[in-house]
Amino acid sequence: MSLRVVGAGLGRTGTFSLKLALEQLLGAPCYHMVEVFKRPQDVPVWRGAAEGEPTDWGSLFADYAAAVDWPPSAFWKELSDAYPDALVVLSVRDAEAWWESASSTIFPTSKSGDPDSDWRKMIDALMGNRFVSDLTDKEACIAAFKRHNALVRETIPAHRLLEWRASEGWEPLCNALGLPVPDMPFPYTNTKEEFITNFTKGGSHP
């Protein structure tokens, strides 16, 4: 299987809803950070990638038709090159709203736990080398968020790039992929409140 969609949007830009939508549209799994929780063997692979080691993308995504959210979005350039026929979806939202969401959900939880664990070493390498090390620095994080989105827009040719907001639902995705719009509601999910509830209860996608 080859990736048909590369998600370049960072976490907390509707990526979990995007994952569910793409799985329905493409009829195959979509890689997302939640997959890393289920596939601990991928943790050292992502750490190695963040530290500049060669990565066998074909093996990592052998069972997937799409990849979104962190960690994949941190490697959007490598993945767009490795899969030249894939649509690149840049999921976006207002920078301040993104910061409010990320700083109260994924940022504090990603830095919790044993700092010497494989998970934390992966996160530290990923953020330090591909985003910012200090996830409590609002100005640095927002600047990195804006810089990331701008670079995607500048780099990916217009015919391959779809800039998408979760509020737009099915239609832009279906149009870009040449697929019919499903006759069912778009899977809006994983709001900030849902995230906090899932993490507090030990859910699979903290």
# chains A, B, ... in the order shown; residues from 1 in each chain; ligands from 1
call {"tool": "residues_around", "arguments": {"residues": "Arg130 in chain A", "least_positions_apart": "6", "cutoff": "12 Å", "atoms": "only C-alpha atoms", "output": "count of residues only"}}
result
23
call {"tool": "select_by_dssp", "arguments": {"residues": "range 65-152 of chain A", "states": "strand (DSSP E or B)", "output": "PyMOL selection string"}}
result
chain A and resi 66-67+87-91
call {"tool": "select_by_dssp", "arguments": {"residues": "range 103-146 of chain A", "states": "alpha helix (DSSP H)", "output": "PyMOL selection string"}}
result
chain A and resi 103+106-110+118-130+138-146
call {"tool": "closest_residue", "arguments": {"among": "A:Arg165, A:Val6, A:Gly14, A:Gly27", "to": "Leu179 in chain A", "atoms": "only C-alpha atoms"}}
result
A:Gly27
call {"tool": "residues_around", "arguments": {"residues": "range 28-38 of chain A", "least_positions_apart": "6", "cutoff": "12 Å", "atoms": "only C-alpha atoms", "output": "PyMOL selection string"}}
result
chain A and resi 1-12+14-22+44-47+57+60-74+106+110+118-119+122-123+190+195+202-206
call {"tool": "write_last_selection", "arguments": {"atoms": "C-alpha atoms", "output": "PDB file, in the first residue's frame"}}
result
ATOM      1  CA  MET A   1       0.000   0.000   0.000  1.00  0.00           C
ATOM      2  CA  SER A   2       1.207   3.528  -0.767  1.00  0.00           C
ATOM      3  CA  LEU A   3       0.263   6.713   1.043  1.00  0.00           C
ATOM      4  CA  ARG A   4      -2.412   8.628  -0.828  1.00  0.00           C
ATOM      5  CA  VAL A   5      -2.507  11.484   1.672  1.00  0.00           C
ATOM      6  CA  VAL A   6       0.319  13.150   3.608  1.00  0.00           C
ATOM      7  CA  GLY A   7      -0.966  15.300   6.458  1.00  0.00           C
ATOM      8  CA  ALA A   8       1.226  18.355   6.971  1.00  0.00           C
ATOM      9  CA  GLY A   9      -0.944  19.993   9.639  1.00  0.00           C
ATOM     10  CA  LEU A  10       0.320  19.941  13.209  1.00  0.00           C
ATOM     11  CA  GLY A  11      -1.505  18.344  16.116  1.00  0.00           C
ATOM     12  CA  ARG A  12      -4.680  20.072  17.384  1.00  0.00           C
ATOM     13  CA  GLY A  14      -8.521  18.710  13.549  1.00  0.00           C
ATOM     14  CA  THR A  15      -6.150  15.851  12.804  1.00  0.00           C
ATOM     15  CA  PHE A  16      -8.071  13.145  14.647  1.00  0.00           C
ATOM     16  CA  SER A  17     -11.254  14.042  12.793  1.00  0.00           C
ATOM     17  CA  LEU A  18      -9.178  14.062   9.611  1.00  0.00           C
ATOM     18  CA  LYS A  19      -7.853  10.589  10.420  1.00  0.00           C
ATOM     19  CA  LEU A  20     -11.360   9.185  10.824  1.00  0.00           C
ATOM     20  CA  ALA A  21     -12.575  10.913   7.666  1.00  0.00           C
ATOM     21  CA  LEU A  22      -9.685   9.650   5.545  1.00  0.00           C
ATOM     22  CA  PRO A  44      12.539   4.295  18.282  1.00  0.00           C
ATOM     23  CA  VAL A  45      11.871   4.657  14.559  1.00  0.00           C
ATOM     24  CA  TRP A  46      10.425   8.134  15.064  1.00  0.00           C
ATOM     25  CA  ARG A  47      13.169   9.085  17.478  1.00  0.00           C
ATOM     26  CA  TRP A  57       8.953   4.951   5.211  1.00  0.00           C
ATOM     27  CA  LEU A  60       6.599   2.114   8.575  1.00  0.00           C
ATOM     28  CA  PHE A  61       3.481   2.888   6.518  1.00  0.00           C
ATOM     29  CA  ALA A  62       3.068  -0.492   4.829  1.00  0.00           C
ATOM     30  CA  ASP A  63      -0.488  -0.899   6.128  1.00  0.00           C
ATOM     31  CA  TYR A  64      -1.616   2.718   5.811  1.00  0.00           C
ATOM     32  CA  ALA A  65      -3.176   4.842   3.072  1.00  0.00           C
ATOM     33  CA  ALA A  66      -2.639   8.161   4.841  1.00  0.00           C
ATOM     34  CA  ALA A  67      -0.570   9.733   7.615  1.00  0.00           C
ATOM     35  CA  VAL A  68      -1.550  12.803   9.629  1.00  0.00           C
ATOM     36  CA  ASP A  69      -0.770  14.569  12.929  1.00  0.00           C
ATOM     37  CA  TRP A  70       2.534  14.339  14.753  1.00  0.00           C
ATOM     38  CA  PRO A  71       4.914  12.547  14.218  1.00  0.00           C
ATOM     39  CA  PRO A  72       4.195  12.297  10.447  1.00  0.00           C
ATOM     40  CA  SER A  73       3.475  16.011  10.009  1.00  0.00           C
ATOM     41  CA  ALA A  74       6.959  16.856  11.254  1.00  0.00           C
ATOM     42  CA  ILE A 106      -0.934  17.521  24.000  1.00  0.00           C
ATOM     43  CA  SER A 110       3.595  14.715  26.062  1.00  0.00           C
ATOM     44  CA  ASP A 118      11.715   5.789  25.228  1.00  0.00           C
ATOM     45  CA  TRP A 119       8.524   7.800  24.747  1.00  0.00           C
ATOM     46  CA  MET A 122      11.154  10.385  21.146  1.00  0.00           C
ATOM     47  CA  ILE A 123       9.087  13.463  22.055  1.00  0.00           C
ATOM     48  CA  ASN A 190     -11.409  14.945  19.933  1.00  0.00           C
ATOM     49  CA  PHE A 195      -9.047  14.994  25.012  1.00  0.00           C
ATOM     50  CA  GLY A 202      -6.419   6.680  30.679  1.00  0.00           C
ATOM     51  CA  GLY A 203      -7.787   6.750  27.137  1.00  0.00           C
ATOM     52  CA  SER A 204      -5.806   5.560  24.113  1.00  0.00           C
ATOM     53  CA  HIS A 205      -5.165   9.001  22.721  1.00  0.00           C
ATOM     54  CA  PRO A 206      -4.102  11.378  25.560  1.00  0.00           C
TER      55      PRO A 206
END
call {"tool": "closest_residue", "arguments": {"among": "A:Leu151, A:Leu25, A:Ala102, A:Met127", "to": "Val181 in chain A", "atoms": "only C-alpha atoms"}}
result
A:Leu25
call {"tool": "residues_around", "arguments": {"residues": "Pro172 in chain A", "least_positions_apart": "5", "cutoff": "9 Å", "atoms": "only C-alpha atoms", "output": "PyMOL selection string"}}
result
chain A and resi 162-164+177
